[in-house]
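Novice: File work-v9.txt follows (compact mmCIF, C-alpha atoms and all ligand atoms):
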# COMPACT_ATOMS: atom_id res chain seq x y z
CA MET A 5 11.24 -37.98 -3.22
CA PRO A 6 14.98 -37.46 -2.66
CA GLU A 7 17.09 -38.36 -5.69
CA GLY A 8 20.82 -38.97 -5.97
CA ASP A 9 21.76 -35.28 -6.01
CA THR A 10 19.93 -34.72 -2.71
CA LEU A 11 21.69 -37.67 -1.12
CA HIS A 12 25.15 -36.60 -2.30
CA HIS A 13 24.50 -33.14 -0.90
CA ALA A 14 23.36 -34.63 2.41
CA ALA A 15 26.47 -36.83 2.55
CA LYS A 16 28.68 -33.75 2.17
CA ARG A 17 26.91 -31.80 4.90
CA VAL A 18 26.69 -34.70 7.34
CA GLY A 19 30.31 -35.62 6.65
CA ALA A 20 31.49 -32.05 7.25
CA ALA A 21 29.74 -32.06 10.62
CA LEU A 22 30.82 -35.52 11.82
CA VAL A 23 34.13 -36.57 10.29
CA GLY A 24 36.97 -35.52 12.57
CA SER A 25 34.61 -34.37 15.33
CA GLU A 26 34.06 -36.03 18.65
CA ILE A 27 30.65 -37.72 18.80
CA LEU A 28 29.40 -36.75 22.25
CA GLU A 29 26.02 -38.40 22.15
CA ILE A 30 23.86 -40.65 19.99
CA GLU A 31 20.12 -41.08 20.47
CA THR A 32 17.67 -43.35 18.68
CA PRO A 33 14.29 -41.93 19.70
CA HIS A 34 12.19 -43.88 17.21
CA PRO A 35 10.45 -46.94 18.76
CA ARG A 36 11.74 -49.22 16.02
CA HIS A 37 15.34 -48.67 17.14
CA ARG A 38 14.77 -48.06 20.84
CA TYR A 39 16.23 -51.41 21.87
CA ASP A 40 18.95 -51.72 19.25
CA ARG A 41 21.63 -50.42 21.62
CA TRP A 42 23.25 -48.34 18.88
CA PRO A 43 24.43 -45.69 21.37
CA GLU A 44 26.38 -48.39 23.25
CA ARG A 45 27.68 -50.08 20.11
CA LEU A 46 28.84 -46.79 18.61
CA ALA A 47 30.16 -45.20 21.80
CA GLY A 48 33.67 -43.82 21.41
CA ARG A 49 33.82 -44.49 17.67
CA GLY A 50 34.51 -41.62 15.33
CA VAL A 51 32.95 -41.29 11.88
CA ARG A 52 35.55 -42.05 9.22
CA GLN A 53 33.56 -41.15 6.16
CA VAL A 54 30.08 -40.30 4.92
CA ASP A 55 29.21 -41.18 1.35
CA ALA A 56 26.25 -41.67 -0.94
CA ARG A 57 25.64 -44.25 -3.57
CA GLY A 58 22.52 -43.69 -5.64
CA LYS A 59 19.84 -42.90 -3.09
CA HIS A 60 21.63 -44.67 -0.24
CA LEU A 61 23.72 -42.91 2.38
CA PHE A 62 26.44 -44.55 4.49
CA LEU A 63 27.96 -43.31 7.75
CA ARG A 64 31.16 -45.30 8.17
CA PHE A 65 32.34 -45.54 11.77
CA GLU A 66 35.70 -46.60 13.11
CA GLY A 67 35.86 -50.27 13.93
CA ASN A 68 34.06 -51.89 11.01
CA LEU A 69 30.53 -50.57 11.54
CA THR A 70 28.45 -48.71 8.99
CA LEU A 71 25.07 -47.06 9.36
CA HIS A 72 23.05 -47.43 6.18
CA SER A 73 20.15 -45.10 5.39
CA HIS A 74 17.59 -44.89 2.61
CA LEU A 75 15.11 -42.01 2.70
CA ARG A 76 12.43 -43.44 0.39
CA MET A 77 9.66 -40.84 -0.07
CA GLY A 78 9.87 -38.64 3.01
CA GLY A 79 13.03 -39.19 5.05
CA ARG A 80 15.59 -36.45 5.54
CA TRP A 81 19.07 -35.81 6.95
CA SER A 82 19.53 -32.41 8.61
CA VAL A 83 22.54 -30.69 10.13
CA TYR A 84 22.05 -28.00 12.75
CA ARG A 85 24.39 -25.87 14.84
CA ARG A 86 23.98 -26.70 18.53
CA GLY A 87 21.01 -24.73 19.86
CA GLN A 88 19.57 -24.06 16.40
CA ARG A 89 15.85 -24.79 16.04
CA TRP A 90 14.98 -27.99 14.15
CA THR A 91 12.88 -27.68 11.02
CA ARG A 92 10.95 -30.90 11.69
CA SER A 93 9.28 -32.01 14.93
CA SER A 94 11.50 -33.90 17.36
CA HIS A 95 8.87 -36.68 17.34
CA ARG A 96 9.95 -37.44 13.81
CA ALA A 97 13.63 -37.88 14.67
CA TRP A 98 14.93 -41.45 14.26
CA LEU A 99 18.56 -40.71 15.00
CA VAL A 100 20.33 -37.78 16.67
CA MET A 101 24.13 -37.41 16.79
CA ARG A 102 25.71 -34.59 18.75
CA THR A 103 29.20 -33.17 18.41
CA PRO A 104 30.52 -30.12 20.29
CA GLU A 105 29.28 -27.92 17.41
CA HIS A 106 26.50 -29.74 15.58
CA GLU A 107 23.42 -31.88 15.82
CA VAL A 108 22.94 -34.28 12.93
CA VAL A 109 19.38 -35.54 12.78
CA GLN A 110 17.79 -38.21 10.65
CA PHE A 111 14.05 -37.59 10.36
CA ASP A 112 11.29 -39.99 9.33
CA GLY A 113 13.55 -42.95 8.57
CA PRO A 114 12.33 -45.13 7.08
CA VAL A 115 15.38 -47.35 6.44
CA LEU A 116 18.14 -47.12 9.00
CA GLU A 117 20.32 -50.08 9.82
CA LEU A 118 23.65 -50.66 11.48
CA MET A 119 25.77 -53.28 9.73
CA THR A 120 29.35 -54.46 9.58
CA ASP A 121 31.45 -53.13 6.71
CA SER A 122 31.67 -56.59 5.21
CA ARG A 123 27.89 -56.85 5.17
CA THR A 124 27.66 -53.60 3.22
CA ARG A 125 29.80 -55.26 0.58
CA PHE A 126 27.81 -58.48 0.41
CA ASP A 127 24.30 -57.20 1.11
CA LEU A 128 22.29 -58.30 -1.90
CA ARG A 129 20.33 -55.09 -2.32
CA LEU A 130 23.45 -52.95 -2.14
CA ALA A 131 25.58 -55.23 -4.29
CA ALA A 132 22.84 -55.16 -6.94
CA LEU A 133 22.96 -51.36 -7.23
CA GLY A 134 23.95 -50.10 -10.64
CA PRO A 135 26.72 -47.54 -11.18
CA ASP A 136 26.05 -44.23 -9.46
CA ILE A 137 25.35 -41.43 -11.95
CA LEU A 138 27.02 -39.03 -9.50
CA ALA A 139 30.13 -41.09 -8.84
CA ASP A 140 33.39 -39.23 -9.55
CA GLU A 141 34.14 -41.83 -12.21
CA PHE A 142 30.81 -42.90 -13.70
CA ASP A 143 31.09 -46.37 -15.19
CA GLU A 144 29.35 -46.00 -18.56
CA ALA A 145 30.30 -49.49 -19.71
CA GLN A 146 28.77 -51.12 -16.66
CA PHE A 147 25.64 -49.02 -17.04
CA MET A 148 25.23 -50.03 -20.69
CA ARG A 149 25.88 -53.67 -19.86
CA ARG A 150 23.19 -53.68 -17.18
CA LEU A 151 20.74 -51.89 -19.45
CA ARG A 152 21.32 -54.35 -22.28
CA GLU A 153 20.96 -57.36 -19.94
CA ASP A 154 17.54 -56.04 -18.92
CA ASP A 155 14.28 -56.53 -20.85
CA PRO A 156 14.69 -54.68 -24.21
CA MET A 157 10.91 -54.20 -24.42
CA ARG A 158 10.93 -52.03 -21.34
CA GLY A 159 10.21 -48.31 -21.74
CA LEU A 160 13.23 -46.06 -21.34
CA GLY A 161 11.65 -43.94 -18.57
CA ASP A 162 10.92 -47.05 -16.53
CA ALA A 163 14.42 -48.48 -17.03
CA LEU A 164 16.06 -45.21 -15.91
CA LEU A 165 14.34 -45.53 -12.53
CA ASP A 166 15.66 -49.04 -11.97
CA GLN A 167 18.42 -48.61 -9.41
CA ARG A 168 19.98 -51.94 -10.45
CA ILE A 169 20.67 -50.45 -13.89
CA LEU A 170 21.59 -46.90 -12.88
CA ALA A 171 21.66 -45.61 -9.30
CA GLY A 172 20.59 -42.09 -8.43
CA ILE A 173 17.87 -41.13 -10.93
CA GLY A 174 14.40 -40.57 -9.49
CA ASN A 175 11.12 -39.44 -10.95
CA VAL A 176 12.10 -35.82 -11.53
CA TRP A 177 15.39 -36.54 -13.28
CA LYS A 178 13.84 -39.37 -15.29
CA SER A 179 11.58 -36.91 -17.12
CA GLU A 180 13.98 -33.97 -17.21
CA ALA A 181 16.91 -36.03 -18.49
CA CYS A 182 14.86 -37.48 -21.36
CA PHE A 183 13.66 -34.00 -22.29
CA LEU A 184 17.17 -32.53 -22.24
CA ALA A 185 18.35 -35.26 -24.61
CA GLY A 186 15.25 -34.98 -26.81
CA VAL A 187 14.45 -38.66 -26.40
CA ASP A 188 10.94 -40.10 -26.07
CA PRO A 189 10.75 -41.82 -22.64
CA TRP A 190 8.23 -44.31 -24.06
CA ARG A 191 10.64 -45.80 -26.55
CA ARG A 192 11.71 -49.32 -25.72
CA THR A 193 15.32 -49.55 -24.63
CA GLY A 194 15.96 -52.18 -27.32
CA GLU A 195 15.10 -49.58 -30.00
CA LEU A 196 17.67 -47.09 -28.74
CA GLY A 197 21.34 -47.05 -29.68
CA ASP A 198 24.04 -46.78 -27.04
CA GLY A 199 24.74 -43.20 -28.14
CA ASP A 200 21.12 -42.11 -27.51
CA VAL A 201 21.11 -43.63 -24.06
CA LEU A 202 24.52 -42.26 -23.09
CA GLU A 203 23.53 -38.79 -24.25
CA ILE A 204 20.74 -38.82 -21.65
CA VAL A 205 23.12 -39.73 -18.86
CA ARG A 206 25.88 -37.38 -20.00
CA GLY A 207 23.37 -34.52 -20.17
CA ALA A 208 21.86 -35.14 -16.74
CA ARG A 209 25.06 -35.91 -14.83
CA PRO A 210 26.65 -32.42 -14.77
CA LEU A 211 23.32 -30.81 -13.86
CA MET A 212 22.82 -33.32 -11.08
CA GLN A 213 26.35 -32.50 -9.89
CA ILE A 214 25.46 -28.80 -9.76
CA SER A 215 22.26 -29.70 -7.89
CA ALA A 216 24.25 -31.80 -5.43
CA GLU A 217 26.58 -28.83 -4.83
CA ARG A 218 23.73 -26.41 -4.37
CA GLY A 219 21.61 -28.73 -2.27
CA GLY A 220 17.86 -28.87 -1.98
CA HIS A 221 17.26 -27.52 -5.46
CA ILE A 222 17.16 -29.39 -8.71
CA VAL A 223 18.99 -27.35 -11.32
CA THR A 224 17.73 -28.21 -14.79
CA ARG A 225 19.93 -26.01 -16.96
CA TYR A 226 23.35 -24.48 -16.73
CA PRO A 227 23.32 -21.31 -14.64
CA ARG A 228 24.66 -19.17 -17.50
CA ASP A 229 22.30 -20.55 -20.14
CA ARG A 230 20.01 -17.60 -20.92
CA ARG A 231 17.34 -19.50 -22.84
CA SER A 232 14.11 -20.54 -21.13
CA PRO A 233 13.12 -21.71 -18.55
CA ARG A 234 13.41 -18.44 -16.68
CA SER A 235 15.03 -19.78 -13.57
CA ASP A 236 17.65 -22.48 -13.74
CA GLU A 237 15.54 -24.37 -11.21
CA ASP A 238 12.35 -24.31 -13.31
CA LYS A 239 11.59 -27.77 -14.61
CA TRP A 240 11.29 -28.35 -18.34
CA VAL A 241 8.48 -30.89 -18.18
CA TYR A 242 8.19 -32.37 -14.66
CA GLU A 243 4.73 -31.63 -13.16
CA ARG A 244 3.89 -29.38 -16.14
CA THR A 245 1.06 -31.48 -17.59
CA GLY A 246 -1.00 -29.44 -20.07
CA LEU A 247 1.29 -26.41 -19.89
CA PRO A 248 3.11 -25.22 -23.00
CA CYS A 249 6.55 -26.73 -23.51
CA ARG A 250 9.16 -24.11 -22.62
CA HIS A 251 10.93 -24.82 -25.88
CA CYS A 252 8.16 -25.31 -28.52
CA ASP A 253 4.81 -24.43 -26.85
CA THR A 254 3.34 -27.88 -27.46
CA ARG A 255 1.39 -29.05 -24.42
CA VAL A 256 3.38 -31.21 -22.04
CA ARG A 257 1.90 -34.66 -21.56
CA SER A 258 2.06 -37.08 -18.63
CA ARG A 259 1.15 -40.67 -17.97
CA GLY A 260 2.01 -43.42 -15.48
CA GLN A 261 4.81 -45.68 -16.68
CA GLY A 262 6.17 -49.06 -15.66
CA ASP A 263 5.06 -51.58 -13.06
CA ASP A 264 5.01 -48.91 -10.36
CA ASN A 265 3.04 -46.53 -12.59
CA ARG A 266 5.34 -43.60 -11.79
CA THR A 267 4.31 -40.53 -13.77
CA THR A 268 6.42 -39.64 -16.77
CA TYR A 269 6.27 -36.14 -18.29
CA TRP A 270 7.33 -35.36 -21.83
CA CYS A 271 6.90 -33.02 -24.79
CA PRO A 272 5.50 -34.99 -27.74
CA GLU A 273 7.12 -32.52 -30.17
CA CYS A 274 10.62 -32.08 -28.73
CA GLN A 275 10.84 -35.77 -27.82
CA ALA A 276 9.27 -37.26 -30.93
ZN ZN B 301 8.61 -29.09 -26.83
In structure tokens, write the structure found in this file.
Specialist:
Amino acid sequence: MPEGDTLHHAAKRVGAALVGSEILEIETPHPRHRYDRWPERLAGRGVRQVDARGKHLFLRFEGNLTLHSHLRMGGRWSVYRRGQRWTRSSHRAWLVMRTPEHEVVQFDGPVLELMTDSRTRFDLRLAALGPDILADEFDEAQFMRRLREDDPMRGLGDALLDQRILAGIGNVWKSEACFLAGVDPWRRTGELGDGDVLEIVRGARPLMQISAERGGHIVTRYPRDRRSPRSDEDKWVYERTGLPCRHCDTRVRSRGQGDDNRTTYWCPECQA
């Protein structure tokens, strides 16, 4: 599932292809949007800006219209040079935008909506989003306030996934960030001091920024850090159930957490 770093990387690539370029053609091949008349509504409008917030991506067009996208589990934004072969079947394309040099394709939706700029500001789901961990200026105070307003009995790993508290962390970063900070993801948020919680975010943020730069790869340690894991893209605990912890050799554990039962991975020794 794409997390904030993937979306920020996509926003950069899509923005580089569209902003300042003439949009020659827009197609909405998916049946759900076949009659939405987006090509007509967007005709002649340039793209002003492409940005990500948490796991949401926004294409902001001239004239007060914004295309909002959320990839959920399987959606994807791709940028191709004209004539380059697509990496997913054209049947899976929901949106295609052509410039003289590029094709920007949104595959597999599943959330794609055209809205006015003012609606993006007042849309309840978007307004409820917590501060973006990848924002240039991450708002720690707002994050802590939202965490403390939430149920203090909630497990930390579950709370970190809640996009209303903190936008951008998904299932991979939830586990990796807790490991990096040495904090047990099963502890209730009410038992943790502000410093413990902020250490998790401050540790994950620069690595997520590197991942967003690199694109498509989650980087879980600093590239020059020579300690294990071997590759800077090897995960510390994510999907390593039963394998020895890369730091202490204790077996990594995993269990579903929270209302959605999303799997949390942790080292019972390093994160005691
Ligand atoms: Zn360990």
Novice: What's around stretch 197-204 of chain A at 10 Å? Count all atoms listed in the file, leave out sequence neighbours fewer than 4 positions away in its own chain, and write the answer as a PyMOL selection string.
Specialist: chain A and resi 144-145+147-148+151-152+160+164+178+180-187+193+208-209
Novice: For the residues in the current selection, export C-alpha atoms as a tab-separated table (two decimals), in the coordinates of the input.
Specialist:
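Saved file result_37.tsv follows:
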chain	number	residue	atom	x	y	z
A	144	GLU	CA	29.35	-46.00	-18.56
A	145	ALA	CA	30.30	-49.49	-19.71
A	147	PHE	CA	25.64	-49.02	-17.04
A	148	MET	CA	25.23	-50.03	-20.69
A	151	LEU	CA	20.74	-51.89	-19.45
A	152	ARG	CA	21.32	-54.35	-22.28
A	160	LEU	CA	13.23	-46.06	-21.34
A	164	LEU	CA	16.06	-45.21	-15.91
A	178	LYS	CA	13.84	-39.37	-15.29
A	180	GLU	CA	13.98	-33.97	-17.21
A	181	ALA	CA	16.91	-36.03	-18.49
A	182	CYS	CA	14.86	-37.48	-21.36
A	183	PHE	CA	13.66	-34.00	-22.29
A	184	LEU	CA	17.17	-32.53	-22.24
A	185	ALA	CA	18.35	-35.26	-24.61
A	186	GLY	CA	15.25	-34.98	-26.81
A	187	VAL	CA	14.45	-38.66	-26.40
A	193	THR	CA	15.32	-49.55	-24.63
A	208	ALA	CA	21.86	-35.14	-16.74
A	209	ARG	CA	25.06	-35.91	-14.83
Novice: Skipping near chain neighbours, those fewer than 4 positions away, what residues fall within 8 Å of A:Leu211 using all atoms listed in the file, listed as a ChimeraX atom specification?
Specialist: /A:207,215,223-226
Novice: May I have the selected residues written with C-alpha atoms, as a JSON list (two decimals), keeping the file's coordinate frame?
Specialist:
[["chain", "number", "residue", "atom", "x", "y", "z"],
["A", 207, "GLY", "CA", 23.37, -34.52, -20.17],
["A", 215, "SER", "CA", 22.26, -29.70, -7.89],
["A", 223, "VAL", "CA", 18.99, -27.35, -11.32],
["A", 224, "THR", "CA", 17.73, -28.21, -14.79],
["A", 225, "ARG", "CA", 19.93, -26.01, -16.96],
["A", 226, "TYR", "CA", 23.35, -24.48, -16.73]]
Novice: Please, which residues have at least one atom within 12 Å of an atom of ligand ZN 301 (chain B), using all atoms listed in the file, listed as a PDB file with C-alpha atoms, keeping the file's coordinate frame?
Specialist:
ATOM      1  CA  CYS A 182      14.860 -37.480 -21.360  1.00  0.00           C
ATOM      2  CA  PHE A 183      13.660 -34.000 -22.290  1.00  0.00           C
ATOM      3  CA  LEU A 184      17.170 -32.530 -22.240  1.00  0.00           C
ATOM      4  CA  ALA A 185      18.350 -35.260 -24.610  1.00  0.00           C
ATOM      5  CA  GLY A 186      15.250 -34.980 -26.810  1.00  0.00           C
ATOM      6  CA  VAL A 187      14.450 -38.660 -26.400  1.00  0.00           C
ATOM      7  CA  ASP A 188      10.940 -40.100 -26.070  1.00  0.00           C
ATOM      8  CA  SER A 232      14.110 -20.540 -21.130  1.00  0.00           C
ATOM      9  CA  PRO A 233      13.120 -21.710 -18.550  1.00  0.00           C
ATOM     10  CA  TRP A 240      11.290 -28.350 -18.340  1.00  0.00           C
ATOM     11  CA  VAL A 241       8.480 -30.890 -18.180  1.00  0.00           C
ATOM     12  CA  ARG A 244       3.890 -29.380 -16.140  1.00  0.00           C
ATOM     13  CA  GLY A 246      -1.000 -29.440 -20.070  1.00  0.00           C
ATOM     14  CA  LEU A 247       1.290 -26.410 -19.890  1.00  0.00           C
ATOM     15  CA  PRO A 248       3.110 -25.220 -23.000  1.00  0.00           C
ATOM     16  CA  CYS A 249       6.550 -26.730 -23.510  1.00  0.00           C
ATOM     17  CA  ARG A 250       9.160 -24.110 -22.620  1.00  0.00           C
ATOM     18  CA  HIS A 251      10.930 -24.820 -25.880  1.00  0.00           C
ATOM     19  CA  CYS A 252       8.160 -25.310 -28.520  1.00  0.00           C
ATOM     20  CA  ASP A 253       4.810 -24.430 -26.850  1.00  0.00           C
ATOM     21  CA  THR A 254       3.340 -27.880 -27.460  1.00  0.00           C
ATOM     22  CA  ARG A 255       1.390 -29.050 -24.420  1.00  0.00           C
ATOM     23  CA  VAL A 256       3.380 -31.210 -22.040  1.00  0.00           C
ATOM     24  CA  ARG A 257       1.900 -34.660 -21.560  1.00  0.00           C
ATOM     25  CA  TYR A 269       6.270 -36.140 -18.290  1.00  0.00           C
ATOM     26  CA  TRP A 270       7.330 -35.360 -21.830  1.00  0.00           C
ATOM     27  CA  CYS A 271       6.900 -33.020 -24.790  1.00  0.00           C
ATOM     28  CA  PRO A 272       5.500 -34.990 -27.740  1.00  0.00           C
ATOM     29  CA  GLU A 273       7.120 -32.520 -30.170  1.00  0.00           C
ATOM     30  CA  CYS A 274      10.620 -32.080 -28.730  1.00  0.00           C
ATOM     31  CA  GLN A 275      10.840 -35.770 -27.820  1.00  0.00           C
ATOM     32  CA  ALA A 276       9.270 -37.260 -30.930  1.00  0.00           C
TER      33      ALA A 276
END
Novice: Calculated over all atoms listed in the file, which of the candidates A:Arg102, A:Arg158, A:Ile173, A:Pro114 has the smallest distance to A:Val205?
Specialist: A:Ile173
Novice: Please return as an MDAnalysis selection string every residue within 6 Å of (26.5, -31.0, 10.0), taking into account all atoms listed in the file and the file's own coordinates.
Specialist: chainID A and resid 17:18 20:21 83 106 108
Novice: What's around stretch 62-77 of chain A at 6 Å? Count only C-alpha atoms, leave out sequence neighbours fewer than 6 positions away in its own chain, and write the answer as a list in words.
Specialist: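 Counting only C-alpha atoms, the residues come to Met5, Arg49, Gly50, Val51, Arg52, Gln53, Val54, Asp55, Val115, Leu116, Glu117, Leu118, Met119, Thr120 and Asp121 of chain A.
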Novice: State, in Å with one decimal place, the distance from atom CA of A:Gly78 to atom CA of A:Phe111.
Specialist: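 That distance, rounded to one decimal, is 8.5 Å.
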